[in-house]
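Below is the file protein-v8.txt, which contains compact mmCIF, N, CA and C atoms.
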# COMPACT_ATOMS: atom_id res chain seq x y z
N MET X 1 97.31 304.43 40.52
CA MET X 1 98.51 304.09 39.77
C MET X 1 98.22 302.90 38.85
N LEU X 2 97.67 301.83 39.41
CA LEU X 2 97.35 300.66 38.59
C LEU X 2 96.22 301.00 37.62
N ALA X 3 95.24 301.78 38.08
CA ALA X 3 94.12 302.15 37.22
C ALA X 3 94.60 302.96 36.02
N GLU X 4 95.52 303.89 36.27
CA GLU X 4 96.07 304.68 35.17
C GLU X 4 96.80 303.78 34.18
N TYR X 5 97.56 302.85 34.71
CA TYR X 5 98.31 301.94 33.85
C TYR X 5 97.35 301.12 32.98
N LEU X 6 96.29 300.63 33.62
CA LEU X 6 95.33 299.82 32.87
C LEU X 6 94.67 300.62 31.76
N THR X 7 94.24 301.84 32.07
CA THR X 7 93.52 302.61 31.05
C THR X 7 94.44 303.11 29.95
N GLN X 8 95.64 303.52 30.30
CA GLN X 8 96.53 304.11 29.30
C GLN X 8 97.32 303.07 28.50
N LYS X 9 97.83 302.06 29.19
CA LYS X 9 98.76 301.14 28.55
C LYS X 9 98.09 299.87 28.00
N VAL X 10 97.20 299.29 28.78
CA VAL X 10 96.69 297.98 28.40
C VAL X 10 95.43 298.07 27.57
N TRP X 11 94.42 298.76 28.08
CA TRP X 11 93.13 298.73 27.41
C TRP X 11 93.13 299.55 26.12
N CYS X 12 94.11 300.40 25.92
CA CYS X 12 94.21 301.17 24.68
C CYS X 12 94.74 300.31 23.53
N HIS X 13 95.35 299.23 23.84
CA HIS X 13 95.93 298.35 22.82
C HIS X 13 94.97 297.18 22.58
N ARG X 14 93.90 297.42 21.88
CA ARG X 14 92.89 296.39 21.67
C ARG X 14 93.38 295.29 20.73
N LEU X 15 94.36 295.57 19.91
CA LEU X 15 94.81 294.58 18.94
C LEU X 15 95.88 293.66 19.51
N GLN X 16 96.34 293.91 20.74
CA GLN X 16 97.36 293.05 21.34
C GLN X 16 96.74 291.71 21.75
N SER X 17 97.58 290.73 21.85
CA SER X 17 97.11 289.42 22.26
C SER X 17 96.83 289.39 23.76
N THR X 18 95.97 288.50 24.19
CA THR X 18 95.61 288.37 25.60
C THR X 18 96.80 288.01 26.48
N PRO X 19 97.69 287.10 26.09
CA PRO X 19 98.84 286.80 26.95
C PRO X 19 99.72 288.02 27.20
N GLU X 20 99.85 288.89 26.21
CA GLU X 20 100.67 290.08 26.40
C GLU X 20 100.01 291.04 27.40
N ILE X 21 98.71 291.17 27.34
CA ILE X 21 97.98 292.01 28.30
C ILE X 21 98.12 291.42 29.70
N ALA X 22 97.98 290.12 29.80
CA ALA X 22 98.11 289.46 31.10
C ALA X 22 99.51 289.66 31.67
N ARG X 23 100.52 289.59 30.81
CA ARG X 23 101.90 289.80 31.25
C ARG X 23 102.10 291.21 31.77
N LYS X 24 101.55 292.21 31.07
CA LYS X 24 101.67 293.60 31.50
C LYS X 24 100.94 293.81 32.83
N LEU X 25 99.77 293.22 32.98
CA LEU X 25 99.04 293.33 34.24
C LEU X 25 99.83 292.70 35.38
N TYR X 26 100.40 291.54 35.11
CA TYR X 26 101.19 290.85 36.13
C TYR X 26 102.37 291.71 36.57
N HIS X 27 103.08 292.29 35.65
CA HIS X 27 104.25 293.10 35.99
C HIS X 27 103.84 294.38 36.72
N ALA X 28 102.73 294.98 36.34
CA ALA X 28 102.27 296.19 37.02
C ALA X 28 101.89 295.87 38.46
N ALA X 29 101.15 294.79 38.67
CA ALA X 29 100.76 294.40 40.02
C ALA X 29 101.98 294.00 40.84
N SER X 30 102.92 293.32 40.22
CA SER X 30 104.14 292.91 40.90
C SER X 30 104.95 294.12 41.34
N ASP X 31 105.06 295.13 40.49
CA ASP X 31 105.80 296.35 40.85
C ASP X 31 105.15 297.06 42.03
N ILE X 32 103.83 297.12 42.03
CA ILE X 32 103.11 297.75 43.15
C ILE X 32 103.35 296.97 44.43
N PHE X 33 103.28 295.64 44.35
CA PHE X 33 103.50 294.80 45.53
C PHE X 33 104.91 294.99 46.09
N ILE X 34 105.90 294.99 45.22
CA ILE X 34 107.29 295.14 45.66
C ILE X 34 107.50 296.49 46.34
N ALA X 35 106.93 297.55 45.76
CA ALA X 35 107.07 298.89 46.36
C ALA X 35 106.41 298.94 47.74
N GLU X 36 105.23 298.37 47.88
CA GLU X 36 104.54 298.37 49.17
C GLU X 36 105.28 297.52 50.19
N ARG X 37 105.82 296.40 49.76
CA ARG X 37 106.58 295.53 50.67
C ARG X 37 107.81 296.27 51.19
N GLN X 38 108.52 296.95 50.32
CA GLN X 38 109.70 297.71 50.74
C GLN X 38 109.31 298.82 51.71
N ARG X 39 108.17 299.48 51.47
CA ARG X 39 107.72 300.54 52.36
C ARG X 39 107.43 299.99 53.75
N GLN X 40 106.74 298.85 53.82
CA GLN X 40 106.41 298.26 55.11
C GLN X 40 107.64 297.74 55.84
N LEU X 41 108.58 297.15 55.11
CA LEU X 41 109.81 296.67 55.74
C LEU X 41 110.65 297.82 56.29
N SER X 42 110.59 298.96 55.64
CA SER X 42 111.37 300.11 56.14
C SER X 42 110.77 300.66 57.44
N LEU X 43 109.48 300.43 57.68
CA LEU X 43 108.84 300.91 58.91
C LEU X 43 109.20 300.05 60.12
N THR X 44 109.43 298.75 59.90
CA THR X 44 109.72 297.83 60.98
C THR X 44 111.22 297.59 61.03
N LYS X 45 111.82 298.04 62.11
CA LYS X 45 113.27 297.90 62.22
C LYS X 45 113.68 296.50 62.69
N ARG X 46 113.07 296.04 63.79
CA ARG X 46 113.43 294.74 64.33
C ARG X 46 112.21 294.16 65.04
N VAL X 47 111.93 292.91 64.82
CA VAL X 47 110.80 292.25 65.46
C VAL X 47 111.32 291.48 66.67
N GLU X 48 110.81 291.86 67.85
CA GLU X 48 111.19 291.16 69.08
C GLU X 48 110.20 290.04 69.33
N LYS X 49 110.61 289.07 70.12
CA LYS X 49 109.77 287.91 70.43
C LYS X 49 109.30 287.95 71.87
N VAL X 50 108.12 287.39 72.11
CA VAL X 50 107.61 287.18 73.47
C VAL X 50 107.28 285.70 73.62
N THR X 51 107.40 285.20 74.83
CA THR X 51 107.06 283.82 75.12
C THR X 51 105.64 283.77 75.67
N VAL X 52 104.81 282.94 75.07
CA VAL X 52 103.42 282.81 75.47
C VAL X 52 103.19 281.37 75.92
N LEU X 53 102.75 281.20 77.15
CA LEU X 53 102.39 279.88 77.67
C LEU X 53 100.87 279.74 77.59
N CYS X 54 100.39 278.81 76.79
CA CYS X 54 98.96 278.60 76.60
C CYS X 54 98.49 277.48 77.52
N HIS X 55 97.68 277.82 78.52
CA HIS X 55 97.16 276.84 79.47
C HIS X 55 95.83 276.27 78.98
N GLY X 56 95.55 275.03 79.37
CA GLY X 56 94.29 274.39 79.03
C GLY X 56 94.20 273.92 77.59
N VAL X 57 95.33 273.75 76.96
CA VAL X 57 95.36 273.32 75.57
C VAL X 57 95.81 271.86 75.51
N ARG X 58 95.01 271.04 74.87
CA ARG X 58 95.28 269.61 74.68
C ARG X 58 95.48 268.88 76.01
N ASP X 59 96.61 269.09 76.66
CA ASP X 59 96.91 268.45 77.95
C ASP X 59 97.02 269.56 78.99
N SER X 60 96.06 269.62 79.91
CA SER X 60 96.02 270.75 80.84
C SER X 60 97.21 270.78 81.80
N ALA X 61 97.91 269.65 81.99
CA ALA X 61 99.05 269.63 82.90
C ALA X 61 100.27 270.36 82.33
N ASN X 62 100.43 270.30 81.03
CA ASN X 62 101.59 270.92 80.39
C ASN X 62 101.14 272.03 79.44
N PRO X 63 101.46 273.29 79.76
CA PRO X 63 101.07 274.37 78.84
C PRO X 63 101.89 274.32 77.55
N VAL X 64 101.27 274.79 76.47
CA VAL X 64 101.95 274.87 75.18
C VAL X 64 102.74 276.18 75.15
N LYS X 65 103.99 276.09 74.74
CA LYS X 65 104.87 277.27 74.71
C LYS X 65 104.99 277.76 73.27
N LEU X 66 104.64 279.02 73.06
CA LEU X 66 104.73 279.63 71.74
C LEU X 66 105.65 280.84 71.80
N PHE X 67 106.41 281.06 70.74
CA PHE X 67 107.22 282.27 70.60
C PHE X 67 106.55 283.13 69.54
N MET X 68 106.03 284.28 69.98
CA MET X 68 105.25 285.14 69.10
C MET X 68 105.96 286.50 68.95
N ASN X 69 105.51 287.28 67.97
CA ASN X 69 106.09 288.60 67.70
C ASN X 69 105.52 289.64 68.65
N LYS X 70 106.39 290.36 69.33
CA LYS X 70 105.98 291.39 70.28
C LYS X 70 105.31 292.55 69.54
N ASN X 71 104.18 293.02 70.07
CA ASN X 71 103.40 294.14 69.53
C ASN X 71 102.80 293.86 68.15
N LEU X 72 102.90 292.65 67.65
CA LEU X 72 102.29 292.27 66.37
C LEU X 72 101.32 291.11 66.54
N SER X 73 101.73 290.09 67.28
CA SER X 73 100.90 288.90 67.46
C SER X 73 99.81 289.16 68.49
N THR X 74 98.69 288.50 68.29
CA THR X 74 97.52 288.65 69.16
C THR X 74 97.14 287.27 69.71
N PRO X 75 96.24 287.22 70.68
CA PRO X 75 95.74 285.91 71.11
C PRO X 75 95.12 285.12 69.96
N TYR X 76 94.51 285.83 69.02
CA TYR X 76 93.96 285.14 67.84
C TYR X 76 95.08 284.48 67.05
N SER X 77 96.23 285.13 66.94
CA SER X 77 97.39 284.52 66.26
C SER X 77 97.81 283.24 66.95
N CYS X 78 97.74 283.24 68.28
CA CYS X 78 98.09 282.03 69.04
C CYS X 78 97.12 280.90 68.73
N THR X 79 95.82 281.21 68.63
CA THR X 79 94.84 280.16 68.32
C THR X 79 95.10 279.57 66.94
N ARG X 80 95.59 280.38 66.03
CA ARG X 80 95.90 279.88 64.68
C ARG X 80 97.02 278.84 64.72
N HIS X 81 97.92 278.95 65.68
CA HIS X 81 98.98 277.96 65.84
C HIS X 81 98.46 276.68 66.50
N LEU X 82 97.38 276.79 67.26
CA LEU X 82 96.87 275.65 68.02
C LEU X 82 95.89 274.79 67.23
N GLY X 83 95.22 275.36 66.26
CA GLY X 83 94.32 274.58 65.44
C GLY X 83 92.96 275.22 65.27
N GLU X 84 92.22 274.72 64.29
CA GLU X 84 90.93 275.30 63.92
C GLU X 84 89.88 275.28 65.03
N PRO X 85 89.78 274.24 65.86
CA PRO X 85 88.78 274.29 66.93
C PRO X 85 88.99 275.48 67.87
N TYR X 86 90.22 275.85 68.15
CA TYR X 86 90.48 277.00 69.02
C TYR X 86 90.13 278.30 68.32
N ILE X 87 90.35 278.36 67.02
CA ILE X 87 90.01 279.57 66.26
C ILE X 87 88.51 279.79 66.30
N LYS X 88 87.73 278.74 66.10
CA LYS X 88 86.28 278.88 65.98
C LYS X 88 85.58 279.08 67.31
N GLN X 89 86.03 278.43 68.38
CA GLN X 89 85.26 278.45 69.61
C GLN X 89 85.69 279.51 70.62
N THR X 90 86.89 280.07 70.50
CA THR X 90 87.38 281.01 71.50
C THR X 90 86.67 282.35 71.37
N ALA X 91 86.12 282.84 72.48
CA ALA X 91 85.43 284.13 72.50
C ALA X 91 86.33 285.23 73.04
N ILE X 92 87.11 284.89 74.05
CA ILE X 92 87.98 285.88 74.69
C ILE X 92 89.15 285.13 75.33
N SER X 93 90.19 285.86 75.65
CA SER X 93 91.34 285.23 76.29
C SER X 93 91.63 285.91 77.62
N LEU X 94 92.24 285.15 78.50
CA LEU X 94 92.74 285.69 79.75
C LEU X 94 94.26 285.75 79.62
N VAL X 95 94.81 286.95 79.60
CA VAL X 95 96.26 287.14 79.51
C VAL X 95 96.73 287.57 80.89
N ASN X 96 97.57 286.74 81.49
CA ASN X 96 98.04 286.95 82.86
C ASN X 96 96.87 287.14 83.82
N GLY X 97 95.78 286.39 83.59
CA GLY X 97 94.63 286.41 84.48
C GLY X 97 93.63 287.52 84.25
N LYS X 98 93.87 288.40 83.27
CA LYS X 98 92.96 289.51 82.99
C LYS X 98 92.34 289.33 81.61
N PRO X 99 91.04 289.68 81.44
CA PRO X 99 90.41 289.58 80.11
C PRO X 99 91.16 290.42 79.08
N HIS X 100 91.32 289.85 77.91
CA HIS X 100 92.11 290.48 76.85
C HIS X 100 91.40 290.24 75.53
N HIS X 101 91.25 291.28 74.73
CA HIS X 101 90.59 291.15 73.43
C HIS X 101 91.41 290.24 72.52
N MET X 102 90.74 289.48 71.69
CA MET X 102 91.43 288.50 70.84
C MET X 102 92.30 289.15 69.75
N HIS X 103 92.03 290.41 69.42
CA HIS X 103 92.80 291.06 68.36
C HIS X 103 93.66 292.21 68.87
N GLU X 104 93.92 292.24 70.17
CA GLU X 104 94.81 293.24 70.75
C GLU X 104 96.21 292.64 70.86
N PRO X 105 97.24 293.33 70.40
CA PRO X 105 98.59 292.76 70.39
C PRO X 105 99.13 292.43 71.79
N LEU X 106 99.96 291.42 71.84
CA LEU X 106 100.63 291.03 73.08
C LEU X 106 101.91 291.86 73.21
N THR X 107 102.12 292.44 74.39
CA THR X 107 103.23 293.36 74.57
C THR X 107 104.35 292.82 75.46
N GLU X 108 104.11 291.68 76.12
CA GLU X 108 105.12 291.13 77.03
C GLU X 108 104.96 289.62 77.14
N ASP X 109 105.94 288.97 77.76
CA ASP X 109 105.82 287.54 78.03
C ASP X 109 104.59 287.33 78.89
N CYS X 110 103.83 286.29 78.58
CA CYS X 110 102.57 286.13 79.31
C CYS X 110 102.12 284.68 79.34
N GLU X 111 101.13 284.46 80.19
CA GLU X 111 100.41 283.19 80.24
C GLU X 111 99.00 283.48 79.76
N ILE X 112 98.50 282.61 78.90
CA ILE X 112 97.21 282.88 78.27
C ILE X 112 96.30 281.67 78.42
N GLU X 113 95.02 281.96 78.59
CA GLU X 113 93.99 280.91 78.65
C GLU X 113 92.85 281.34 77.75
N PHE X 114 92.37 280.44 76.93
CA PHE X 114 91.31 280.75 75.99
C PHE X 114 89.96 280.34 76.57
N LEU X 115 88.99 281.28 76.53
CA LEU X 115 87.67 281.04 77.09
C LEU X 115 86.64 280.98 75.97
N HIS X 116 85.63 280.14 76.17
CA HIS X 116 84.55 280.01 75.20
C HIS X 116 83.23 279.86 75.94
N PHE X 117 82.12 279.92 75.22
CA PHE X 117 80.79 279.90 75.84
C PHE X 117 80.38 278.54 76.39
N LYS X 118 80.99 277.46 75.91
CA LYS X 118 80.57 276.11 76.31
C LYS X 118 81.41 275.53 77.44
N GLN X 119 82.16 276.34 78.14
CA GLN X 119 82.95 275.83 79.26
C GLN X 119 82.07 275.74 80.50
N ASP X 120 82.62 275.17 81.57
CA ASP X 120 81.85 274.93 82.79
C ASP X 120 81.30 276.23 83.39
N ASP X 121 82.10 277.27 83.43
CA ASP X 121 81.67 278.55 84.00
C ASP X 121 81.91 279.67 82.99
N PRO X 122 80.93 279.97 82.14
CA PRO X 122 81.12 281.01 81.12
C PRO X 122 80.81 282.43 81.63
N SER X 123 80.82 282.65 82.94
CA SER X 123 80.43 283.95 83.48
C SER X 123 81.36 285.07 83.03
N ILE X 124 82.66 284.83 82.97
CA ILE X 124 83.61 285.87 82.55
C ILE X 124 83.35 286.25 81.09
N VAL X 125 83.13 285.25 80.26
CA VAL X 125 82.86 285.50 78.84
C VAL X 125 81.58 286.31 78.70
N ASN X 126 80.53 285.93 79.42
CA ASN X 126 79.26 286.64 79.34
C ASN X 126 79.40 288.10 79.79
N LYS X 127 80.12 288.32 80.88
CA LYS X 127 80.30 289.69 81.38
C LYS X 127 81.01 290.55 80.34
N VAL X 128 82.05 290.03 79.76
CA VAL X 128 82.83 290.80 78.79
C VAL X 128 82.01 291.07 77.52
N ILE X 129 81.35 290.04 77.01
CA ILE X 129 80.57 290.20 75.78
C ILE X 129 79.43 291.19 75.99
N PHE X 130 78.68 291.06 77.10
CA PHE X 130 77.55 291.95 77.33
C PHE X 130 78.00 293.36 77.70
N PHE X 131 79.20 293.52 78.23
CA PHE X 131 79.74 294.83 78.55
C PHE X 131 79.97 295.64 77.30
N PHE X 132 80.42 295.00 76.20
CA PHE X 132 80.75 295.69 74.98
C PHE X 132 79.58 295.83 74.01
N GLN X 133 78.40 295.37 74.40
CA GLN X 133 77.24 295.52 73.51
C GLN X 133 76.45 296.74 73.82

Would you kindly transcribe this structure into structure tokens?
Amino acid sequence: MLAEYLTQKVWCHRLQSTPEIARKLYHAASDIFIAERQRQLSLTKRVEKVTVLCHGVRDSANPVKLFMNKNLSTPYSCTRHLGEPYIKQTAISLVNGKPHHMHEPLTEDCEIEFLHFKQDDPSIVNKVIFFFQ
């Protein structure tokens, strides 16, 4: 759709000024974005929330409480709320005590713990990583 617009409408008008071409490109891209946004919004009726308690973050005595989107948010999304060190070092998460992939959506209220290779006992991380290789 955009390619057709570019070849037929914009690039055929070689004598037009550059700002006018840029304006046409902007409007074409904007129209495509708006149509796609409307399509995606029509697919999602209502976003429910889940409560995620993140243990071992900053102060191990008090877990961090996050409200995330059910069936959309992942443990990786939680690390993005906690900061860059968690994003970079986390290899896998324990959701309700069970290993959970970092990009698999959370489906219920849960307690989560982030595991990395430099912790005291990285055996769970090693087992999971070597299992999937």

Point-to-point distance in Å for CA of Ser73 in chain X and atom N of Phe117 in chain X: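 Separation between atom N of Phe117 in chain X and CA of Ser73 in chain X: 22.2 Å.
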
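Picture a line from CA of Met68 in chain X to CA of Lys49 in chain X; it runs 5.5 Å.
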
Select, from X:Ala35, X:Leu106, X:Val64, X:Leu115, the residue with the minimum atom-to-atom distance to Gln89 in chain X, counting all atoms listed in the file. X:Leu115

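Taking atom N of Arg80 in chain X as the reference point, atom C of Ile32 in chain X is found at 28.3 Å.
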
Protein/DNA/RNA residues near (87.3, 281.2, 72.2), cut 12 Å, only C-alpha atoms, as a PyMOL selection string: chain X and resi 56-57+75-76+78-80+82-94+99-103+112-119+122+124-125+129

Centre, edges in Å (one decimal): axis-aligned box, range 92-100 of chain X, 8 Å padding on all six sides, as JSON:
{"center_x": 92.6, "center_y": 287.7, "center_z": 79.3, "size_x": 26.9, "size_y": 21.6, "size_z": 26.4}

In chain X, DSSP strand (DSSP E) residues written as a list in words: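 The residues of chain X classed as strand (DSSP E) are Lys49, Val50, Thr51, Val52, Leu53, Cys54, His55, Val64, Lys65, Leu66, Phe67, Met68, Asn69, Ile92, Ser93, Leu94, Val95, Lys98, Pro99, His100, Cys110, Glu111, Ile112, Glu113, Phe114 and Leu115 of chain X.
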
Could you please write out, as JSON, numbers by chain, every residue of range 5-132 of chain X that DSSP assigns to alpha helix (DSSP H)? {"X": [5, 18, 19, 20, 21, 22, 23, 24, 25, 26, 27, 28, 29, 30, 31, 32, 33, 34, 35, 36, 37, 38, 39, 40, 41, 42, 43, 75, 76, 77, 78, 79, 80, 81, 82, 84, 85, 86, 87, 88, 89, 123, 124, 125, 126, 127, 128, 129, 130, 131]}

Could you check the closest approach to Lys70 in chain X for each of X:Lys24, X:Arg58, X:Glu48, X:Phe33 and tell me which residue wins, using only N, CA and C atoms? X:Glu48

Here is a test: counting only C-alpha atoms, which residue of X:Val52, X:Ala22, X:Ala29, X:Val47 is nearest to Thr74 in chain X? X:Val52

Selection near Glu108 in chain X, 6.5 Å with all atoms listed in the file, sequence-local residues under 3 positions removed, as JSON, numbers by chain: {"X": [50, 51, 70, 71]}
